[in-house]
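Q: Input target_35.cif, format and content: mmCIF, C-alpha atoms and all ligand atoms.
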data_entry
#
loop_
_atom_site.label_atom_id
_atom_site.label_comp_id
_atom_site.auth_asym_id
_atom_site.auth_seq_id
_atom_site.Cartn_x
_atom_site.Cartn_y
_atom_site.Cartn_z
CA MET C 1 20.46 -8.44 -30.50
CA LYS C 2 23.28 -7.59 -28.08
CA VAL C 3 22.53 -5.26 -25.19
CA LEU C 4 24.88 -3.46 -22.79
CA ILE C 5 23.56 -2.19 -19.45
CA VAL C 6 25.64 0.48 -17.72
CA GLY C 7 25.43 0.28 -13.92
CA GLY C 8 25.76 -2.32 -11.21
CA GLY C 9 23.07 -2.15 -8.53
CA GLY C 10 19.63 -3.53 -7.74
CA ARG C 11 18.00 -1.32 -10.33
CA GLU C 12 20.31 -2.62 -13.04
CA HIS C 13 19.63 -6.21 -11.93
CA ALA C 14 15.88 -5.57 -12.33
CA ILE C 15 16.48 -3.98 -15.76
CA ALA C 16 18.66 -6.95 -16.76
CA GLU C 17 15.88 -9.38 -15.74
CA ALA C 18 13.40 -7.48 -17.90
CA VAL C 19 15.85 -7.36 -20.84
CA ALA C 20 16.52 -11.10 -20.47
CA LYS C 21 12.79 -11.74 -21.00
CA SER C 22 12.82 -9.99 -24.39
CA SER C 23 12.61 -12.33 -27.34
CA LYS C 24 14.79 -9.88 -29.30
CA VAL C 25 17.85 -10.26 -27.06
CA ASN C 26 20.39 -13.04 -27.24
CA LYS C 27 23.31 -11.56 -25.29
CA ILE C 28 23.47 -9.14 -22.34
CA TYR C 29 26.56 -7.39 -21.01
CA CYS C 30 26.66 -5.27 -17.88
CA ALA C 31 29.34 -2.75 -16.87
CA PRO C 32 30.34 -3.21 -14.12
CA GLY C 33 27.42 -5.42 -12.94
CA ASN C 34 27.53 -7.48 -9.75
CA ALA C 35 27.39 -11.11 -8.58
CA GLY C 36 23.63 -11.39 -9.13
CA ILE C 37 23.61 -9.75 -12.55
CA ALA C 38 26.40 -12.18 -13.53
CA ALA C 39 23.80 -15.00 -13.61
CA ILE C 40 22.06 -13.42 -16.62
CA ALA C 41 24.65 -11.09 -18.15
CA GLU C 42 28.37 -11.08 -18.85
CA CYS C 43 29.82 -8.52 -16.45
CA VAL C 44 32.68 -6.36 -17.74
CA PRO C 45 34.94 -4.46 -15.34
CA ILE C 46 34.39 -0.95 -16.71
CA GLY C 47 33.21 1.89 -14.48
CA VAL C 48 30.04 3.85 -15.33
CA MET C 49 32.00 7.09 -15.88
CA GLU C 50 34.65 5.56 -18.18
CA PHE C 51 32.94 6.70 -21.38
CA ASP C 52 35.86 5.98 -23.73
CA LYS C 53 36.24 2.43 -22.45
CA LEU C 54 32.48 1.88 -22.59
CA THR C 55 32.12 3.09 -26.17
CA ASP C 56 35.24 1.15 -27.27
CA PHE C 57 33.76 -1.99 -25.72
CA ALA C 58 30.37 -1.40 -27.38
CA LYS C 59 32.06 -0.94 -30.78
CA LYS C 60 34.27 -3.99 -30.36
CA GLU C 61 31.37 -6.24 -29.35
CA ALA C 62 28.97 -4.69 -31.90
CA ILE C 63 26.42 -3.84 -29.20
CA ASP C 64 23.04 -2.98 -30.73
CA LEU C 65 21.67 -1.02 -27.78
CA THR C 66 23.19 0.39 -24.58
CA ILE C 67 21.02 1.32 -21.61
CA VAL C 68 22.57 3.93 -19.33
CA ALA C 69 20.85 3.51 -15.95
CA PRO C 70 22.53 5.69 -13.25
CA ASP C 71 22.27 9.46 -12.81
CA ASP C 72 25.98 10.37 -12.78
CA PRO C 73 26.84 9.14 -16.29
CA LEU C 74 23.57 10.46 -17.74
CA VAL C 75 24.11 13.94 -16.31
CA ALA C 76 27.73 13.88 -17.51
CA GLY C 77 26.69 13.04 -21.09
CA ALA C 78 27.13 9.27 -21.47
CA VAL C 79 24.36 9.00 -24.06
CA ASP C 80 25.96 11.82 -26.09
CA ALA C 81 29.27 9.93 -25.96
CA PHE C 82 27.65 6.75 -27.34
CA GLU C 83 25.85 8.71 -30.06
CA ALA C 84 29.06 10.53 -31.02
CA ALA C 85 30.65 7.10 -31.48
CA GLY C 86 27.80 6.12 -33.82
CA LEU C 87 26.17 3.83 -31.25
CA LYS C 88 22.56 3.53 -30.12
CA ALA C 89 21.92 4.35 -26.45
CA PHE C 90 18.83 4.67 -24.30
CA GLY C 91 18.60 7.59 -21.87
CA PRO C 92 18.39 11.39 -21.97
CA ARG C 93 21.20 13.37 -23.55
CA LYS C 94 23.18 15.69 -21.31
CA ASN C 95 21.07 18.73 -22.17
CA ALA C 96 17.93 16.87 -21.01
CA ALA C 97 19.42 15.00 -18.03
CA ILE C 98 19.86 18.44 -16.45
CA LEU C 99 16.25 17.90 -15.33
CA GLU C 100 17.82 15.82 -12.55
CA GLY C 101 21.32 17.29 -12.63
CA SER C 102 20.30 20.77 -11.51
CA LYS C 103 17.54 21.39 -9.01
CA ALA C 104 17.71 25.13 -9.79
CA PHE C 105 17.06 24.32 -13.47
CA SER C 106 14.12 22.03 -12.66
CA LYS C 107 12.55 24.52 -10.24
CA ASP C 108 12.85 27.34 -12.79
CA LEU C 109 11.33 25.09 -15.46
CA MET C 110 8.35 24.29 -13.23
CA LYS C 111 7.84 27.96 -12.40
CA LYS C 112 8.03 29.02 -16.05
CA TYR C 113 5.55 26.36 -17.20
CA ASN C 114 3.19 26.49 -14.19
CA ILE C 115 3.89 22.95 -13.03
CA PRO C 116 2.83 22.55 -9.38
CA THR C 117 5.77 22.43 -6.97
CA ALA C 118 6.86 23.96 -3.65
CA ALA C 119 7.57 27.72 -3.62
CA TYR C 120 11.34 28.38 -3.69
CA GLU C 121 14.25 30.75 -4.28
CA ASN C 122 17.64 29.98 -5.88
CA PHE C 123 20.86 31.28 -4.36
CA SER C 124 24.45 31.40 -5.56
CA ASP C 125 25.60 33.52 -2.62
CA ALA C 126 25.61 32.25 0.99
CA ASP C 127 25.06 35.70 2.51
CA ALA C 128 21.93 36.25 0.43
CA ALA C 129 20.66 32.80 1.44
CA LEU C 130 21.28 33.51 5.13
CA LYS C 131 19.50 36.87 4.86
CA TYR C 132 16.50 35.25 3.14
CA LEU C 133 16.19 32.72 5.97
CA GLU C 134 15.72 35.49 8.57
CA THR C 135 12.15 36.09 7.40
CA ALA C 136 11.33 32.61 6.10
CA LYS C 137 8.77 30.25 7.64
CA MET C 138 10.12 27.11 9.38
CA PRO C 139 10.44 24.19 8.76
CA ILE C 140 12.22 24.90 5.50
CA VAL C 141 14.02 22.72 2.96
CA LEU C 142 17.56 23.29 1.65
CA LYS C 143 18.63 21.53 -1.53
CA ALA C 144 22.12 21.47 -3.00
CA ASP C 145 21.67 22.26 -6.70
CA GLY C 146 23.68 19.37 -8.15
CA LEU C 147 23.89 15.59 -7.74
CA ALA C 148 24.75 14.56 -4.19
CA LEU C 149 24.05 10.81 -4.03
CA GLY C 150 20.49 11.58 -2.92
CA LYS C 151 21.84 13.24 0.21
CA GLY C 152 21.82 16.92 -0.74
CA VAL C 153 18.45 17.72 0.88
CA LEU C 154 18.21 19.10 4.41
CA ILE C 155 14.90 19.60 6.20
CA CYS C 156 15.43 22.26 8.86
CA ASN C 157 13.04 22.82 11.74
CA THR C 158 14.61 25.99 13.18
CA LEU C 159 16.35 29.10 11.86
CA GLU C 160 19.49 27.94 13.63
CA GLU C 161 19.48 24.58 11.82
CA ALA C 162 18.76 26.25 8.50
CA LYS C 163 21.65 28.71 8.86
CA ASP C 164 23.93 25.87 9.80
CA GLY C 165 22.69 23.95 6.72
CA VAL C 166 23.49 26.85 4.39
CA LYS C 167 27.01 26.94 5.85
CA GLN C 168 27.44 23.17 5.44
CA ILE C 169 26.25 23.14 1.84
CA MET C 170 27.55 26.45 0.44
CA LEU C 171 30.64 27.23 2.50
CA ASP C 172 31.94 23.91 3.89
CA LYS C 173 30.91 22.18 0.61
CA ALA C 174 29.56 19.09 2.41
CA PHE C 175 28.30 17.86 -0.99
CA GLY C 176 31.18 19.25 -3.06
CA ASP C 177 30.42 21.40 -6.09
CA ALA C 178 26.78 20.26 -5.92
CA GLY C 179 26.48 22.99 -3.27
CA ASN C 180 27.77 25.90 -5.38
CA ASN C 181 24.13 26.85 -5.81
CA LEU C 182 21.32 26.29 -3.35
CA VAL C 183 17.56 25.99 -3.63
CA ILE C 184 15.59 27.03 -0.55
CA GLU C 185 12.14 25.55 -0.69
CA GLU C 186 8.85 25.65 1.19
CA PHE C 187 8.26 22.57 3.38
CA MET C 188 5.34 20.45 2.18
CA THR C 189 3.45 17.68 3.94
CA GLY C 190 1.60 14.72 2.47
CA ARG C 191 2.16 11.24 1.14
CA GLU C 192 5.00 10.67 -1.30
CA VAL C 193 4.52 8.72 -4.52
CA SER C 194 7.00 7.82 -7.24
CA VAL C 195 5.77 7.66 -10.83
CA LEU C 196 8.22 6.44 -13.47
CA SER C 197 7.54 7.04 -17.14
CA PHE C 198 8.83 6.28 -20.63
CA VAL C 199 9.30 9.42 -22.73
CA ASP C 200 10.12 9.70 -26.46
CA GLY C 201 10.60 13.46 -26.66
CA THR C 202 6.90 14.14 -27.28
CA THR C 203 4.80 11.31 -25.85
CA ILE C 204 4.88 10.16 -22.24
CA LYS C 205 3.59 6.80 -20.98
CA THR C 206 3.58 6.40 -17.22
CA MET C 207 4.31 3.15 -15.43
CA THR C 208 2.45 1.89 -12.39
CA SER C 209 3.03 3.92 -9.19
CA ALA C 210 5.35 3.02 -6.31
CA GLN C 211 6.40 4.27 -2.91
CA ASP C 212 9.91 4.31 -1.49
CA HIS C 213 11.04 4.25 2.17
CA LYS C 214 14.10 6.50 2.36
CA ARG C 215 14.91 6.49 6.07
CA ALA C 216 17.20 3.84 7.55
CA LYS C 217 15.02 2.81 10.49
CA ASP C 218 11.46 1.69 11.20
CA ASN C 219 8.79 4.40 11.53
CA ASP C 220 10.76 6.61 9.15
CA GLU C 221 13.45 7.32 11.71
CA GLY C 222 17.20 7.45 11.21
CA LEU C 223 19.21 8.85 8.35
CA ASN C 224 18.21 9.18 4.70
CA THR C 225 19.40 6.28 2.57
CA GLY C 226 19.28 5.33 -1.09
CA GLY C 227 16.00 3.52 -0.26
CA MET C 228 15.23 0.68 2.20
CA GLY C 229 12.24 -0.78 0.41
CA THR C 230 9.35 -0.11 -1.94
CA PHE C 231 5.86 -1.22 -2.80
CA SER C 232 3.79 -0.93 -5.97
CA PRO C 233 1.14 0.20 -6.71
CA SER C 234 0.56 3.05 -4.23
CA PRO C 235 -3.04 2.76 -2.98
CA PHE C 236 -3.01 6.53 -2.44
CA TYR C 237 -2.35 7.26 -6.10
CA THR C 238 -5.96 7.14 -7.29
CA LYS C 239 -7.36 7.44 -10.82
CA GLU C 240 -8.38 11.04 -10.06
CA ILE C 241 -4.92 11.97 -8.86
CA ASP C 242 -3.42 10.28 -11.91
CA ALA C 243 -5.72 12.24 -14.24
CA PHE C 244 -4.62 15.50 -12.59
CA CYS C 245 -0.93 14.59 -12.78
CA GLN C 246 -1.14 13.54 -16.45
CA GLU C 247 -2.59 16.92 -17.47
CA LYS C 248 -0.88 19.29 -15.01
CA ILE C 249 2.50 17.66 -14.39
CA PHE C 250 3.53 14.83 -16.74
CA LYS C 251 2.55 16.14 -20.19
CA PRO C 252 3.52 19.75 -19.34
CA THR C 253 6.99 18.62 -18.20
CA VAL C 254 7.69 16.80 -21.47
CA ALA C 255 6.32 19.72 -23.50
CA ALA C 256 8.38 22.19 -21.45
CA MET C 257 11.60 20.30 -22.10
CA LYS C 258 10.80 20.23 -25.81
CA SER C 259 10.07 23.98 -25.91
CA GLU C 260 13.38 24.63 -24.17
CA GLY C 261 15.20 22.75 -26.95
CA ARG C 262 16.00 19.93 -24.52
CA GLU C 263 13.94 17.10 -25.96
CA PHE C 264 13.81 14.35 -23.32
CA LYS C 265 14.07 10.73 -24.45
CA GLY C 266 14.37 8.20 -21.66
CA ILE C 267 12.87 7.71 -18.23
CA ILE C 268 11.43 10.56 -16.20
CA PHE C 269 10.88 9.68 -12.56
CA PHE C 270 8.43 12.05 -10.90
CA GLY C 271 8.83 12.30 -7.14
CA LEU C 272 5.43 13.63 -6.07
CA MET C 273 3.93 14.79 -2.83
CA LEU C 274 0.17 14.49 -2.48
CA THR C 275 -0.50 17.69 -0.52
CA GLU C 276 -3.83 19.11 0.66
CA GLU C 277 -3.62 21.55 -2.24
CA GLY C 278 -3.13 18.70 -4.71
CA PRO C 279 -0.15 16.77 -6.08
CA LYS C 280 3.13 18.71 -6.36
CA VAL C 281 6.55 17.79 -7.74
CA LEU C 282 9.20 17.12 -5.08
CA GLU C 283 11.88 16.25 -7.58
CA TYR C 284 12.57 14.93 -11.04
CA ASN C 285 14.99 12.13 -11.79
CA ALA C 286 16.15 11.39 -15.32
CA ARG C 287 16.36 7.61 -14.83
CA PHE C 288 14.75 4.56 -13.28
CA GLY C 289 14.45 4.74 -9.45
CA ASP C 290 16.26 2.42 -7.10
CA PRO C 291 14.53 0.47 -5.50
CA GLU C 292 11.30 1.52 -7.31
CA THR C 293 12.37 -0.36 -10.45
CA GLN C 294 12.54 -3.60 -8.47
CA VAL C 295 8.76 -3.46 -7.83
CA VAL C 296 7.66 -1.81 -11.08
CA LEU C 297 9.39 -3.82 -13.82
CA PRO C 298 8.38 -7.28 -12.52
CA ARG C 299 4.75 -6.11 -12.94
CA MET C 300 5.19 -4.86 -16.52
CA GLU C 301 3.72 -6.96 -19.35
CA ASN C 302 5.54 -5.35 -22.30
CA ASP C 303 8.83 -6.30 -23.92
CA ILE C 304 11.12 -3.64 -22.44
CA ILE C 305 13.33 -3.53 -25.55
CA GLU C 306 10.33 -2.47 -27.65
CA LEU C 307 9.76 0.38 -25.20
CA PHE C 308 13.40 1.49 -25.26
CA GLU C 309 13.36 1.45 -29.07
CA ALA C 310 10.05 3.34 -29.22
CA CYS C 311 11.50 6.07 -26.99
CA ILE C 312 14.57 6.40 -29.21
CA ASP C 313 12.56 6.28 -32.46
CA GLY C 314 9.79 8.63 -31.28
CA THR C 315 7.04 6.01 -31.72
CA LEU C 316 5.91 5.62 -28.12
CA ASP C 317 2.36 6.71 -29.06
CA LYS C 318 1.98 3.34 -30.84
CA VAL C 319 2.83 1.30 -27.73
CA ASP C 320 0.20 0.01 -25.33
CA LEU C 321 2.02 0.01 -21.97
CA LYS C 322 0.47 -2.56 -19.64
CA PHE C 323 0.94 -3.64 -16.04
CA LYS C 324 -0.44 -6.70 -14.30
CA ASP C 325 -3.27 -6.22 -11.85
CA ASN C 326 -1.16 -7.44 -8.93
CA ALA C 327 1.27 -5.94 -6.43
CA ALA C 328 4.94 -6.14 -5.49
CA VAL C 329 6.96 -5.37 -2.37
CA CYS C 330 10.75 -5.05 -2.13
CA VAL C 331 12.55 -5.23 1.21
CA VAL C 332 16.19 -4.16 1.12
CA LEU C 333 18.64 -6.28 3.07
CA ALA C 334 21.45 -3.95 4.10
CA SER C 335 24.71 -4.19 6.01
CA ASP C 336 24.13 -3.16 9.64
CA GLY C 337 25.37 0.41 10.11
CA TYR C 338 24.39 1.63 6.62
CA PRO C 339 24.33 4.49 5.56
CA LEU C 340 27.29 5.36 7.81
CA LYS C 341 29.86 2.68 8.69
CA TYR C 342 29.43 -0.99 7.90
CA GLU C 343 31.46 -4.10 7.19
CA LYS C 344 31.65 -5.82 3.80
CA GLY C 345 32.84 -9.21 2.57
CA LYS C 346 30.28 -11.31 4.52
CA LYS C 347 29.30 -14.60 2.87
CA ILE C 348 25.68 -14.73 1.69
CA THR C 349 23.77 -18.04 1.86
CA GLY C 350 20.33 -19.19 0.72
CA LEU C 351 20.22 -17.32 -2.60
CA GLU C 352 19.47 -20.51 -4.62
CA LYS C 353 15.92 -20.70 -3.21
CA PHE C 354 14.94 -17.77 -5.44
CA ASP C 355 15.76 -19.79 -8.58
CA THR C 356 12.99 -22.26 -7.89
CA GLU C 357 10.19 -20.05 -6.55
CA ASP C 358 7.93 -18.20 -8.99
CA GLY C 359 7.03 -14.62 -8.11
CA TYR C 360 10.10 -14.06 -5.95
CA PHE C 361 13.20 -12.10 -6.97
CA CYS C 362 16.43 -11.40 -5.17
CA PHE C 363 17.90 -8.34 -6.88
CA HIS C 364 21.55 -7.83 -6.00
CA ALA C 365 22.67 -4.32 -5.09
CA GLY C 366 26.06 -4.64 -3.39
CA THR C 367 27.46 -8.14 -3.91
CA LYS C 368 30.56 -9.70 -5.49
CA PHE C 369 32.35 -12.99 -5.83
CA ASP C 370 35.25 -13.52 -3.42
CA GLU C 371 38.43 -15.39 -4.33
CA ASN C 372 36.71 -18.75 -3.55
CA GLY C 373 33.85 -17.98 -5.91
CA ASP C 374 31.41 -17.40 -3.02
CA ILE C 375 28.97 -14.49 -3.16
CA VAL C 376 29.76 -11.93 -0.45
CA THR C 377 28.37 -8.54 0.62
CA ASN C 378 29.98 -5.56 -1.10
CA GLY C 379 28.00 -2.49 -0.11
CA GLY C 380 25.55 -0.82 2.23
CA ARG C 381 22.50 -2.03 0.40
CA VAL C 382 23.14 -5.70 -0.39
CA LEU C 383 19.97 -7.32 -1.76
CA GLY C 384 16.45 -6.28 -2.72
CA VAL C 385 14.17 -9.16 -1.79
CA THR C 386 11.07 -8.74 -3.92
CA ALA C 387 7.82 -10.68 -4.04
CA ILE C 388 4.67 -10.50 -6.12
CA GLY C 389 1.21 -11.06 -4.68
CA ASP C 390 -2.39 -10.70 -5.81
CA ASP C 391 -2.62 -7.64 -3.56
CA LEU C 392 -0.24 -5.50 -1.51
CA LYS C 393 -0.75 -7.34 1.75
CA THR C 394 -0.02 -10.72 0.17
CA ALA C 395 3.03 -9.30 -1.62
CA ARG C 396 4.30 -7.85 1.66
CA ALA C 397 3.81 -11.13 3.55
CA ASN C 398 5.58 -12.98 0.72
CA ALA C 399 8.50 -10.53 0.65
CA TYR C 400 9.06 -10.73 4.40
CA LYS C 401 8.86 -14.54 4.24
CA ALA C 402 11.56 -14.52 1.55
CA THR C 403 13.85 -12.26 3.62
CA GLU C 404 14.23 -15.31 5.90
CA TRP C 405 15.66 -17.42 3.08
CA VAL C 406 18.88 -15.41 2.86
CA GLU C 407 21.48 -15.01 5.57
CA PHE C 408 24.66 -13.01 6.06
CA GLU C 409 26.39 -11.97 9.23
CA ASN C 410 25.41 -8.31 9.56
CA LYS C 411 22.02 -8.50 7.79
CA TYR C 412 19.80 -5.51 8.57
CA MET C 413 16.35 -4.56 7.28
CA ARG C 414 13.34 -2.44 8.11
CA HIS C 415 10.34 -4.37 9.35
CA ASP C 416 7.68 -1.87 8.30
CA ILE C 417 8.06 -1.68 4.52
CA GLY C 418 4.55 -1.21 3.13
CA LYS C 419 3.03 -0.42 6.52
CA ALA C 420 1.22 2.51 4.90
CA ILE C 421 -0.87 -0.07 3.03
CA ASP C 422 -2.77 -0.72 6.29
CA PHE C 423 -3.99 2.88 6.30
CA ALA C 424 -5.26 2.82 2.75
CA GLU C 425 -8.72 1.40 3.41
P1 LIG C 501 14.53 14.93 -3.07
O1 LIG C 501 15.93 14.41 -3.26
O2 LIG C 501 14.28 16.28 -3.64
O3 LIG C 501 13.47 13.91 -3.42
O4 LIG C 501 14.35 15.03 -1.49
C1 LIG C 501 14.55 13.92 -0.66
C2 LIG C 501 13.41 13.81 0.32
O5 LIG C 501 13.30 15.01 1.09
C3 LIG C 501 12.05 13.67 -0.36
O6 LIG C 501 11.77 12.35 -0.69
C4 LIG C 501 11.14 14.20 0.72
O7 LIG C 501 10.90 13.21 1.71
C5 LIG C 501 11.95 15.30 1.35
N1 LIG C 501 11.62 16.59 0.75
C6 LIG C 501 12.17 17.17 -0.35
N2 LIG C 501 11.60 18.36 -0.62
C7 LIG C 501 10.67 18.56 0.32
C8 LIG C 501 9.74 19.60 0.58
N3 LIG C 501 9.68 20.70 -0.17
N4 LIG C 501 8.91 19.47 1.64
C9 LIG C 501 8.97 18.37 2.42
N5 LIG C 501 9.83 17.35 2.23
C10 LIG C 501 10.67 17.43 1.20
N1 LIG C 502 14.51 5.73 -4.80
C1 LIG C 502 14.81 7.06 -5.11
C2 LIG C 502 15.74 7.24 -6.22
O1 LIG C 502 16.02 6.35 -6.99
O2 LIG C 502 16.21 8.36 -6.36
#
Please rewrite the model in this file as structure tokens.

A:
Amino acid sequence: MKVLIVGGGGREHAIAEAVAKSSKVNKIYCAPGNAGIAAIAECVPIGVMEFDKLTDFAKKEAIDLTIVAPDDPLVAGAVDAFEAAGLKAFGPRKNAAILEGSKAFSKDLMKKYNIPTAAYENFSDADAALKYLETAKMPIVLKADGLALGKGVLICNTLEEAKDGVKQIMLDKAFGDAGNNLVIEEFMTGREVSVLSFVDGTTIKTMTSAQDHKRAKDNDEGLNTGGMGTFSPSPFYTKEIDAFCQEKIFKPTVAAMKSEGREFKGIIFFGLMLTEEGPKVLEYNARFGDPETQVVLPRMENDIIELFEACIDGTLDKVDLKFKDNAAVCVVLASDGYPLKYEKGKKITGLEKFDTEDGYFCFHAGTKFDENGDIVTNGGRVLGVTAIGDDLKTARANAYKATEWVEFENKYMRHDIGKAIDFAE
């Protein structure tokens, strides 16, 4: 079959690798893709929000299945556009992708269905939000309602900071229309865990756990980023915690979406915080995580196409989802200065080593071919160097070893990805 993947980052490269392993697939396209994805898929220069061009391309090439990976097109209704054109697409429809697209919606859903999450209030009026803050306990968390490239969350330690945050989000529109509405949320403490899952509208099958490192610098300092590295599994996500989450969070979320007439078919990514009062939902995403996917999919034993089809057909209950009893670590190589100002167009060397070493992957995030056909940097996050190991410590040592194989002029990485592993025993 012919598959089209919509997206062009490290997550899409990891999805493309998994799709390439399927015995059912003989041709992969990726729109727009990148220089790494180009080794396994034919990249087509169509943007992820160009729905008409995407559906025209899928019709012309007789694509059997399209996988929409990023949040923006999902929330804007890309899957609906493919279906309206008579094409098969994997991902939630617009009315279900709202689970990620609106934090106010997701918080109200959790409240209505008793799904554990931080206490909160929604605001559409800045004055009301400012008044509420006067009597609120600090620190406090402000969240722009809509999509804001993962940046719409402010953790405020003082009343002053919080008031300033409300002004930035609601009045100065620092995150655009995403800040028309605001969620003000109780601050929680604990370890964070990401759990990704396949959902077919009724049945949910969770993948192995992972943990992301969102801050730019070592020791979780610096600005929030798209993610500087991940490891899987999380040693803190025990069988007992999983049993609790399955019954109190995962199944109730899928059932809640169904009761609301918003049947969810696709990937639900649960961002969890393991608090002293038990696991609580930090956020939902309606898609694979980036860079969680880079450590989760290489550990999966199943044919990913069978899973995508089972989600679409509503037959996920018949699938036995299996992960290897090993571990993976992904270290992101970024352009120095990310997430603020950084230079692009730097030549990358050493990539060929990954072609000959088993258990090592170099997922491309921001790369392209220059006019000489060389692979150069083309973004803040450039590569996700990923390694498998029998356990987390081996995987981490392998991943850091492999970061030395690749060079580019302004290469930057964190040196403490997976450090939490040392505290797990
Ligand atoms: P989100 O986009 O909702 O995942 O938020 C981004 C990050 O902000 C999370 O990964 C947490 O580290 C932090 N965060 C979000 N909500 C809270 C909260 N209620 N309490 C503490 N930290 C939070
Ligand atoms: N790594 C977090 C995300 O994909 O949103």

Q: List as a list of chain:residue names the protein and nucleic acid residues near Met138 of chain C, meaning an atom at most 8 Å away when only C-alpha atoms are counted, but skip any in the same chain fewer than 3 places from it.

A: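 Here the qualifying residues turn out to be C:Cys156, C:Asn157, C:Thr158, C:Leu159, C:Phe187.
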
Q: Please identify all protein, DNA and RNA residues within 9 Å of ligand LIG 502 (chain C), counting all atoms listed in the file, and report them as an MDAnalysis selection string.

A: chainID C and resid 11 71 149:150 194 211:214 225:230 269 271 284:285 287:293

Q: Please identify all polymer residues within 8 Å of Ala328 of chain C, counting all atoms listed in the file, omitting same-chain residues fewer than 5 positions from it, and present them as a PyMOL selection string.

A: chain C and resi 231-233+295-296+298-299+386-389+391-392+395-396

Q: Sorted by chain and rising residue number, list the residues of chain C at most 6 Å from ligand LIG 501 (chain C) (counting only C-alpha atoms and all ligand atoms), each with its closest atom pair and distance in Å to one decimal, as a Markdown table.

A:
| residue | atom | partner | partner_atom | distance |
| --- | --- | --- | --- | --- |
| C:Ala118 | CA | C:LIG501 | N3 | 5.5 |
| C:Val141 | CA | C:LIG501 | N3 | 5.7 |
| C:Gly150 | CA | C:LIG501 | O1 | 5.4 |
| C:Val153 | CA | C:LIG501 | O4 | 5.4 |
| C:Glu185 | CA | C:LIG501 | N3 | 5.5 |
| C:Glu186 | CA | C:LIG501 | N3 | 5.2 |
| C:Phe187 | CA | C:LIG501 | N4 | 3.6 |
| C:Met188 | CA | C:LIG501 | N4 | 3.7 |
| C:Thr189 | CA | C:LIG501 | C9 | 5.8 |
| C:Leu282 | CA | C:LIG501 | N2 | 5.2 |
| C:Glu283 | CA | C:LIG501 | O2 | 4.6 |

Q: Can you tell me which residues surround Ala58 of chain C at a distance of at most 12 Å, considering only C-alpha atoms, apart from same-chain residues fewer than 2 positions away, and format the answer as a PDB file with C-alpha atoms, in the frame of the given file?

A:
ATOM      1  CA  LYS C   2      23.280  -7.590 -28.080  1.00  0.00           C
ATOM      2  CA  VAL C   3      22.530  -5.260 -25.190  1.00  0.00           C
ATOM      3  CA  LEU C   4      24.880  -3.460 -22.790  1.00  0.00           C
ATOM      4  CA  ILE C   5      23.560  -2.190 -19.450  1.00  0.00           C
ATOM      5  CA  VAL C   6      25.640   0.480 -17.720  1.00  0.00           C
ATOM      6  CA  ILE C  28      23.470  -9.140 -22.340  1.00  0.00           C
ATOM      7  CA  TYR C  29      26.560  -7.390 -21.010  1.00  0.00           C
ATOM      8  CA  CYS C  30      26.660  -5.270 -17.880  1.00  0.00           C
ATOM      9  CA  ALA C  31      29.340  -2.750 -16.870  1.00  0.00           C
ATOM     10  CA  VAL C  44      32.680  -6.360 -17.740  1.00  0.00           C
ATOM     11  CA  ILE C  46      34.390  -0.950 -16.710  1.00  0.00           C
ATOM     12  CA  PHE C  51      32.940   6.700 -21.380  1.00  0.00           C
ATOM     13  CA  ASP C  52      35.860   5.980 -23.730  1.00  0.00           C
ATOM     14  CA  LYS C  53      36.240   2.430 -22.450  1.00  0.00           C
ATOM     15  CA  LEU C  54      32.480   1.880 -22.590  1.00  0.00           C
ATOM     16  CA  THR C  55      32.120   3.090 -26.170  1.00  0.00           C
ATOM     17  CA  ASP C  56      35.240   1.150 -27.270  1.00  0.00           C
ATOM     18  CA  LYS C  60      34.270  -3.990 -30.360  1.00  0.00           C
ATOM     19  CA  GLU C  61      31.370  -6.240 -29.350  1.00  0.00           C
ATOM     20  CA  ALA C  62      28.970  -4.690 -31.900  1.00  0.00           C
ATOM     21  CA  ILE C  63      26.420  -3.840 -29.200  1.00  0.00           C
ATOM     22  CA  ASP C  64      23.040  -2.980 -30.730  1.00  0.00           C
ATOM     23  CA  LEU C  65      21.670  -1.020 -27.780  1.00  0.00           C
ATOM     24  CA  THR C  66      23.190   0.390 -24.580  1.00  0.00           C
ATOM     25  CA  ILE C  67      21.020   1.320 -21.610  1.00  0.00           C
ATOM     26  CA  ALA C  81      29.270   9.930 -25.960  1.00  0.00           C
ATOM     27  CA  PHE C  82      27.650   6.750 -27.340  1.00  0.00           C
ATOM     28  CA  GLU C  83      25.850   8.710 -30.060  1.00  0.00           C
ATOM     29  CA  ALA C  85      30.650   7.100 -31.480  1.00  0.00           C
ATOM     30  CA  GLY C  86      27.800   6.120 -33.820  1.00  0.00           C
ATOM     31  CA  LEU C  87      26.170   3.830 -31.250  1.00  0.00           C
ATOM     32  CA  LYS C  88      22.560   3.530 -30.120  1.00  0.00           C
ATOM     33  CA  ALA C  89      21.920   4.350 -26.450  1.00  0.00           C
TER      34      ALA C  89
END

Q: Between C:Phe90, C:Val166, C:Phe250, C:Ile184, which is the closest to Tyr120 of chain C once you count only C-alpha atoms?

A: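 Between C:Phe90, C:Val166, C:Phe250, C:Ile184, the residue approaching Tyr120 of chain C most closely is C:Ile184.
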
Q: Pick the closest to Phe423 of chain C from C:Asp374, C:Asp355, C:Pro235, C:Lys318: which is it, counting only C-alpha atoms?

A: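 Going through C:Asp374, C:Asp355, C:Pro235, C:Lys318 one by one, the smallest distance to Phe423 of chain C is for C:Pro235.
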
Q: What is the distance between atom CA of Leu147 of chain C and atom CA of Gly47 of chain C, in Å to one decimal?

A: 17.9 Å

Q: Measure the distance from atom CA of Ile267 of chain C to atom CA of Val195 of chain C in Å and round it to one decimal.

A: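 Interatomic distance, atom CA of Ile267 of chain C to atom CA of Val195 of chain C: 10.3 Å.
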